[in-house]
>>> print(open('entry-v1.cif').read())   # mmCIF, C-alpha atoms
data_target
loop_
_atom_site.group_PDB
_atom_site.id
_atom_site.type_symbol
_atom_site.label_atom_id
_atom_site.label_comp_id
_atom_site.auth_asym_id
_atom_site.auth_seq_id
_atom_site.Cartn_x
_atom_site.Cartn_y
_atom_site.Cartn_z
ATOM 1 C CA MET A 1 5.327 -20.862 -53.470
ATOM 2 C CA LYS A 2 8.892 -20.357 -52.340
ATOM 3 C CA LYS A 3 10.927 -23.309 -51.089
ATOM 4 C CA ALA A 4 12.946 -23.202 -47.886
ATOM 5 C CA SER A 5 15.926 -20.925 -48.070
ATOM 6 C CA SER A 6 19.218 -22.175 -46.694
ATOM 7 C CA ALA A 7 20.209 -18.710 -45.473
ATOM 8 C CA THR A 8 18.711 -17.554 -42.202
ATOM 9 C CA LYS A 9 18.001 -13.916 -41.511
ATOM 10 C CA ASN A 10 17.900 -12.896 -37.815
ATOM 11 C CA GLY A 11 17.437 -16.539 -36.799
ATOM 12 C CA ILE A 12 14.406 -16.867 -39.109
ATOM 13 C CA LYS A 13 14.246 -19.555 -41.803
ATOM 14 C CA ILE A 14 11.319 -19.106 -44.200
ATOM 15 C CA VAL A 15 9.695 -22.391 -45.239
ATOM 16 C CA CYS A 16 6.984 -21.127 -47.629
ATOM 17 C CA GLN A 17 5.150 -17.928 -48.539
ATOM 18 C CA ASN A 18 1.694 -17.173 -49.876
ATOM 19 C CA LYS A 19 2.470 -14.503 -52.486
ATOM 20 C CA LYS A 20 -0.971 -14.861 -54.041
ATOM 21 C CA ALA A 21 -2.505 -13.485 -50.824
ATOM 22 C CA PHE A 22 -0.948 -10.074 -51.537
ATOM 23 C CA HIS A 23 -2.575 -10.103 -54.985
ATOM 24 C CA ASP A 24 -6.016 -11.277 -53.826
ATOM 25 C CA TYR A 25 -6.292 -9.414 -50.501
ATOM 26 C CA LYS A 26 -5.564 -6.031 -48.978
ATOM 27 C CA ILE A 27 -3.565 -6.812 -45.828
ATOM 28 C CA ILE A 28 -4.870 -4.788 -42.868
ATOM 29 C CA GLU A 29 -2.789 -6.246 -40.033
ATOM 30 C CA SER A 30 -0.548 -9.277 -39.547
ATOM 31 C CA LEU A 31 0.611 -11.220 -36.504
ATOM 32 C CA GLU A 32 2.713 -14.234 -35.588
ATOM 33 C CA ALA A 33 1.160 -17.452 -34.267
ATOM 34 C CA GLY A 34 2.583 -20.773 -33.171
ATOM 35 C CA MET A 35 1.311 -24.084 -34.567
ATOM 36 C CA VAL A 36 0.478 -27.412 -32.944
ATOM 37 C CA LEU A 37 2.398 -29.959 -35.067
ATOM 38 C CA THR A 38 3.442 -33.594 -34.918
ATOM 39 C CA GLY A 39 7.077 -34.695 -35.171
ATOM 40 C CA THR A 40 6.886 -35.785 -38.810
ATOM 41 C CA GLU A 41 5.257 -32.475 -39.760
ATOM 42 C CA VAL A 42 8.142 -30.531 -38.222
ATOM 43 C CA LYS A 43 10.718 -32.702 -40.014
ATOM 44 C CA SER A 44 8.913 -32.228 -43.312
ATOM 45 C CA LEU A 45 8.729 -28.454 -42.740
ATOM 46 C CA ARG A 46 12.474 -28.321 -42.056
ATOM 47 C CA GLU A 47 12.980 -29.852 -45.524
ATOM 48 C CA GLY A 48 10.744 -27.122 -46.997
ATOM 49 C CA ARG A 49 7.979 -29.495 -48.049
ATOM 50 C CA ALA A 50 4.924 -27.284 -47.453
ATOM 51 C CA ASN A 51 2.408 -25.293 -49.483
ATOM 52 C CA LEU A 52 0.204 -22.423 -48.253
ATOM 53 C CA LYS A 53 -1.769 -22.072 -51.489
ATOM 54 C CA ASP A 54 -5.555 -21.905 -50.878
ATOM 55 C CA SER A 55 -5.131 -22.157 -47.107
ATOM 56 C CA TYR A 56 -7.124 -20.040 -44.668
ATOM 57 C CA ALA A 57 -7.716 -19.644 -40.934
ATOM 58 C CA ARG A 58 -11.031 -19.849 -39.064
ATOM 59 C CA ILE A 59 -12.053 -19.104 -35.493
ATOM 60 C CA LYS A 60 -14.143 -21.882 -33.955
ATOM 61 C CA GLY A 61 -14.916 -22.390 -30.288
ATOM 62 C CA GLY A 62 -12.531 -19.661 -29.113
ATOM 63 C CA GLU A 63 -9.586 -21.232 -31.003
ATOM 64 C CA ILE A 64 -7.994 -20.479 -34.370
ATOM 65 C CA TRP A 65 -7.643 -23.343 -36.863
ATOM 66 C CA LEU A 66 -5.571 -23.408 -40.062
ATOM 67 C CA HIS A 67 -7.346 -25.202 -42.920
ATOM 68 C CA ASP A 68 -5.958 -26.624 -46.217
ATOM 69 C CA PHE A 69 -2.298 -26.090 -45.274
ATOM 70 C CA HIS A 70 -0.447 -28.877 -47.071
ATOM 71 C CA ILE A 71 2.620 -30.410 -45.409
ATOM 72 C CA SER A 72 3.927 -33.329 -47.472
ATOM 73 C CA PRO A 73 4.391 -36.645 -45.653
ATOM 74 C CA TYR A 74 7.890 -37.174 -44.277
ATOM 75 C CA PRO A 75 9.574 -39.727 -46.584
ATOM 76 C CA HIS A 76 11.655 -41.422 -43.854
ATOM 77 C CA ALA A 77 8.718 -41.999 -41.491
ATOM 78 C CA SER A 78 7.090 -45.395 -41.189
ATOM 79 C CA TYR A 79 3.425 -46.065 -40.420
ATOM 80 C CA ASN A 80 3.353 -43.085 -38.024
ATOM 81 C CA ASN A 81 3.217 -40.427 -40.759
ATOM 82 C CA HIS A 82 0.816 -37.474 -40.625
ATOM 83 C CA GLU A 83 -2.164 -36.576 -42.805
ATOM 84 C CA PRO A 84 -0.966 -33.884 -45.297
ATOM 85 C CA GLU A 85 -3.937 -31.480 -45.162
ATOM 86 C CA ARG A 86 -5.258 -31.939 -41.649
ATOM 87 C CA THR A 87 -6.653 -28.937 -39.784
ATOM 88 C CA ARG A 88 -3.992 -27.503 -37.467
ATOM 89 C CA LYS A 89 -4.496 -25.454 -34.321
ATOM 90 C CA LEU A 90 -2.816 -22.050 -34.064
ATOM 91 C CA LEU A 91 -1.519 -20.703 -30.773
ATOM 92 C CA LEU A 92 -2.410 -17.121 -29.851
ATOM 93 C CA HIS A 93 -3.307 -15.289 -26.655
ATOM 94 C CA ARG A 94 -6.995 -15.327 -25.774
ATOM 95 C CA ARG A 95 -7.320 -11.538 -26.075
ATOM 96 C CA GLU A 96 -5.811 -11.634 -29.591
ATOM 97 C CA ILE A 97 -8.257 -14.370 -30.632
ATOM 98 C CA ARG A 98 -11.209 -12.370 -29.248
ATOM 99 C CA ARG A 99 -10.064 -9.231 -31.070
ATOM 100 C CA LEU A 100 -9.635 -11.133 -34.346
ATOM 101 C CA ALA A 101 -13.025 -12.796 -33.884
ATOM 102 C CA GLY A 102 -14.635 -9.379 -33.587
ATOM 103 C CA LYS A 103 -12.871 -8.105 -36.687
ATOM 104 C CA THR A 104 -13.695 -11.167 -38.824
ATOM 105 C CA GLN A 105 -17.400 -10.782 -37.984
ATOM 106 C CA GLU A 106 -17.337 -7.549 -40.018
ATOM 107 C CA LYS A 107 -18.289 -7.979 -43.651
ATOM 108 C CA GLY A 108 -15.405 -8.745 -45.998
ATOM 109 C CA PHE A 109 -12.694 -9.577 -43.463
ATOM 110 C CA THR A 110 -10.904 -12.934 -43.366
ATOM 111 C CA LEU A 111 -7.780 -14.525 -41.865
ATOM 112 C CA VAL A 112 -5.125 -15.497 -44.415
ATOM 113 C CA PRO A 113 -1.743 -17.144 -43.707
ATOM 114 C CA LEU A 114 1.121 -15.234 -45.346
ATOM 115 C CA LYS A 115 4.185 -17.332 -44.541
ATOM 116 C CA VAL A 116 5.461 -20.240 -42.476
ATOM 117 C CA TYR A 117 8.906 -20.012 -40.938
ATOM 118 C CA PHE A 118 11.127 -21.183 -38.109
ATOM 119 C CA SER A 119 12.000 -18.610 -35.467
ATOM 120 C CA LYS A 120 14.490 -19.737 -32.810
ATOM 121 C CA GLY A 121 13.740 -23.353 -33.727
ATOM 122 C CA LYS A 122 9.953 -23.032 -33.368
ATOM 123 C CA ALA A 123 7.563 -23.298 -36.336
ATOM 124 C CA LYS A 124 5.527 -20.108 -36.717
ATOM 125 C CA VAL A 125 2.892 -18.892 -39.147
ATOM 126 C CA GLU A 126 2.250 -15.246 -39.998
ATOM 127 C CA ILE A 127 -1.487 -14.722 -40.362
ATOM 128 C CA ALA A 128 -3.097 -11.543 -41.621
ATOM 129 C CA LEU A 129 -6.434 -9.889 -41.192
ATOM 130 C CA ALA A 130 -7.314 -9.126 -44.791
ATOM 131 C CA ARG A 131 -10.092 -7.800 -46.975
ATOM 132 C CA GLY A 132 -10.676 -9.255 -50.427
ATOM 133 C CA LYS A 133 -9.781 -7.063 -53.412
ATOM 134 C CA LYS A 134 -12.191 -6.445 -56.245
ATOM 135 C CA GLU A 135 -11.188 -7.352 -59.804
ATOM 136 C CA TYR A 136 -10.752 -3.685 -60.806
ATOM 137 C CA ASP A 137 -8.384 -3.136 -57.829
ATOM 138 C CA LYS A 138 -6.187 -5.991 -59.079
ATOM 139 C CA ARG A 139 -6.137 -4.628 -62.650
ATOM 140 C CA GLU A 140 -5.300 -1.138 -61.382
ATOM 141 C CA ARG A 141 -2.363 -2.490 -59.333
ATOM 142 C CA ILE A 142 -1.013 -4.402 -62.351
ATOM 143 C CA LYS A 143 -1.293 -1.245 -64.472
ATOM 144 C CA GLU A 144 0.651 0.780 -61.853
ATOM 145 C CA LYS A 145 3.432 -1.834 -61.772
ATOM 146 C CA GLU A 146 3.724 -1.838 -65.576
ATOM 147 C CA GLU A 147 3.907 1.981 -65.670
ATOM 148 C CA ALA A 148 6.622 2.003 -62.989
ATOM 149 C CA ARG A 149 8.576 -0.661 -64.910
ATOM 150 C CA GLU A 150 8.334 1.391 -68.110
ATOM 151 C CA MET A 151 9.559 4.523 -66.303
ATOM 152 C CA ASP A 152 12.534 2.600 -64.898
ATOM 153 C CA ARG A 153 13.378 1.331 -68.390
ATOM 154 C CA LEU A 154 13.308 4.871 -69.793
ATOM 155 C CA ARG A 155 15.421 6.231 -66.914
ATOM 156 C CA LYS A 156 17.979 3.498 -67.483
ATOM 157 C CA LYS A 157 18.008 4.066 -71.250
ATOM 158 C CA TYR A 158 18.591 7.840 -70.944
ATOM 159 C CA ASN A 159 20.590 7.722 -67.672
ATOM 160 C CA ILE A 160 18.177 9.983 -65.825
ATOM 161 C CA GLY A 161 18.080 10.192 -62.029
ATOM 162 C CA SER A 162 21.596 8.887 -61.380
#
>>> encode(input="entry-v1.cif", output="structure tokens")
Amino acid sequence: MKKASSATKNGIKIVCQNKKAFHDYKIIESLEAGMVLTGTEVKSLREGRANLKDSYARIKGGEIWLHDFHISPYPHASYNNHEPERTRKLLLHRREIRRLAGKTQEKGFTLVPLKVYFSKGKAKVEIALARGKKEYDKRERIKEKEEAREMDRLRKKYNIGS
């Protein structure tokens, strides 16, 4: 997981990313959602103290909930601190939730958070509609990357393509 970057790009400050999701899932479509957070959670996120590993989103009762998203307790808070892995509500338009609910009913589709970031001062999460990859798909992708790396090494060694 990547820690918070000090540089902001287009007013966006990335807090954490779920790089493993790109390895385990084929991303079909992604969209931005707001999160319902407490004050200490926001302060902890601004310090980059979050982890998306093993987190997932579920639709229940016409609302989307983010499960297993770890936000470390804020160290300067007193007794009012938050629970690190509580279930958090995501904010989307009703029509988007209905569309995603229909898609996730299909076999093999799931909702996976890709990254958490601040956009114009508001905490956002990028969730993706994804389909799980099979083991042979993962091995094939690794093999392609290694072949491309080897070709780049050879090009660099013999100064080809410059």
>>> closest_residue(input="entry-v1.cif", among="A:Asp152, A:Glu96, A:Glu47, A:Glu147", to="Ile64 in chain A", atoms="all atoms listed in the file")
A:Glu96
>>> residues_around(input="entry-v1.cif", residues="Gly34 in chain A", least_positions_apart="2", cutoff="10 Å", atoms="only C-alpha atoms", output="ChimeraX atom specification")
/A:32,36-37,89-92,116,118-119,122-126
>>> closest_residue(input="entry-v1.cif", among="A:Ala33, A:Ala50, A:Val42, A:Ile71", to="Cys16 in chain A", atoms="only C-alpha atoms")
A:Ala50
>>> resolve_selection(input="entry-v1.cif", expression="the PyMOL selection byres ((chain A and resi 99-109) around 8)", output="ChimeraX atom specification")
/A:59,95-98,110-111,129-132
>>> closest_residue(input="entry-v1.cif", among="A:Leu66, A:Val112, A:Met151, A:Ile27", to="Arg88 in chain A", atoms="all atoms listed in the file")
A:Leu66
>>> atom_distance(input="entry-v1.cif", atom1="CA of Arg141 in chain A", atom2="CA of Tyr158 in chain A")
26.1 Å
>>> closest_residue(input="entry-v1.cif", among="A:Ile127, A:Ala148, A:Val15, A:Leu31", to="Leu45 in chain A", atoms="all atoms listed in the file")
A:Val15
>>> atom_distance(input="entry-v1.cif", atom1="CA of Lys20 in chain A", atom2="CA of Lys53 in chain A")
7.7 Å
>>> atom_distance(input="entry-v1.cif", atom1="CA of Ala57 in chain A", atom2="CA of Ser44 in chain A")
21.0 Å
>>> closest_residue(input="entry-v1.cif", among="A:His67, A:Lys115, A:Arg153, A:Lys120", to="Phe22 in chain A", atoms="only C-alpha atoms")
A:Lys115
>>> closest_residue(input="entry-v1.cif", among="A:Lys133, A:Lys143, A:Arg94, A:Lys26", to="Glu63 in chain A", atoms="all atoms listed in the file")
A:Arg94
>>> resolve_selection(input="entry-v1.cif", expression="the PyMOL selection byres ((chain A and resi 51) around 9)", output="ChimeraX atom specification")
/A:1-3,15-18,48-50,52-55,69-72
>>> decode(input="entry-v1.cif", residues="range 69-80 of chain A", atoms="N, CA and C atoms", output="mmCIF file, in the first residue's frame")
data_model
loop_
_atom_site.group_PDB
_atom_site.id
_atom_site.type_symbol
_atom_site.label_atom_id
_atom_site.label_comp_id
_atom_site.auth_asym_id
_atom_site.auth_seq_id
_atom_site.Cartn_x
_atom_site.Cartn_y
_atom_site.Cartn_z
ATOM 1 N N PHE A 69 -12.045 -1.802 5.617
ATOM 2 C CA PHE A 69 -11.146 -0.692 5.284
ATOM 3 C C PHE A 69 -10.569 -0.187 6.598
ATOM 4 N N HIS A 70 -9.266 -0.331 6.758
ATOM 5 C CA HIS A 70 -8.612 0.012 8.023
ATOM 6 C C HIS A 70 -8.114 1.456 8.015
ATOM 7 N N ILE A 71 -8.633 2.255 8.938
ATOM 8 C CA ILE A 71 -8.124 3.606 9.190
ATOM 9 C C ILE A 71 -7.601 3.587 10.620
ATOM 10 N N SER A 72 -6.307 3.782 10.789
ATOM 11 C CA SER A 72 -5.700 3.731 12.121
ATOM 12 C C SER A 72 -6.285 4.801 13.031
ATOM 13 N N PRO A 73 -6.389 4.516 14.324
ATOM 14 C CA PRO A 73 -6.897 5.525 15.264
ATOM 15 C C PRO A 73 -6.014 6.777 15.253
ATOM 16 N N TYR A 74 -6.648 7.922 15.398
ATOM 17 C CA TYR A 74 -5.918 9.190 15.416
ATOM 18 C C TYR A 74 -5.171 9.305 16.745
ATOM 19 N N PRO A 75 -3.853 9.470 16.720
ATOM 20 C CA PRO A 75 -3.073 9.434 17.969
ATOM 21 C C PRO A 75 -3.357 10.581 18.944
ATOM 22 N N HIS A 76 -3.818 11.734 18.438
ATOM 23 C CA HIS A 76 -4.031 12.891 19.308
ATOM 24 C C HIS A 76 -5.466 12.983 19.828
ATOM 25 N N ALA A 77 -6.292 11.994 19.489
ATOM 26 C CA ALA A 77 -7.682 12.004 19.965
ATOM 27 C C ALA A 77 -7.740 11.394 21.365
ATOM 28 N N SER A 78 -8.750 11.769 22.099
ATOM 29 C CA SER A 78 -8.908 11.236 23.456
ATOM 30 C C SER A 78 -9.835 10.019 23.410
ATOM 31 N N TYR A 79 -10.790 9.956 24.285
ATOM 32 C CA TYR A 79 -11.712 8.833 24.369
ATOM 33 C C TYR A 79 -12.659 8.757 23.170
ATOM 34 N N ASN A 80 -12.730 9.802 22.372
ATOM 35 C CA ASN A 80 -13.667 9.885 21.255
ATOM 36 C C ASN A 80 -13.147 9.273 19.959
#
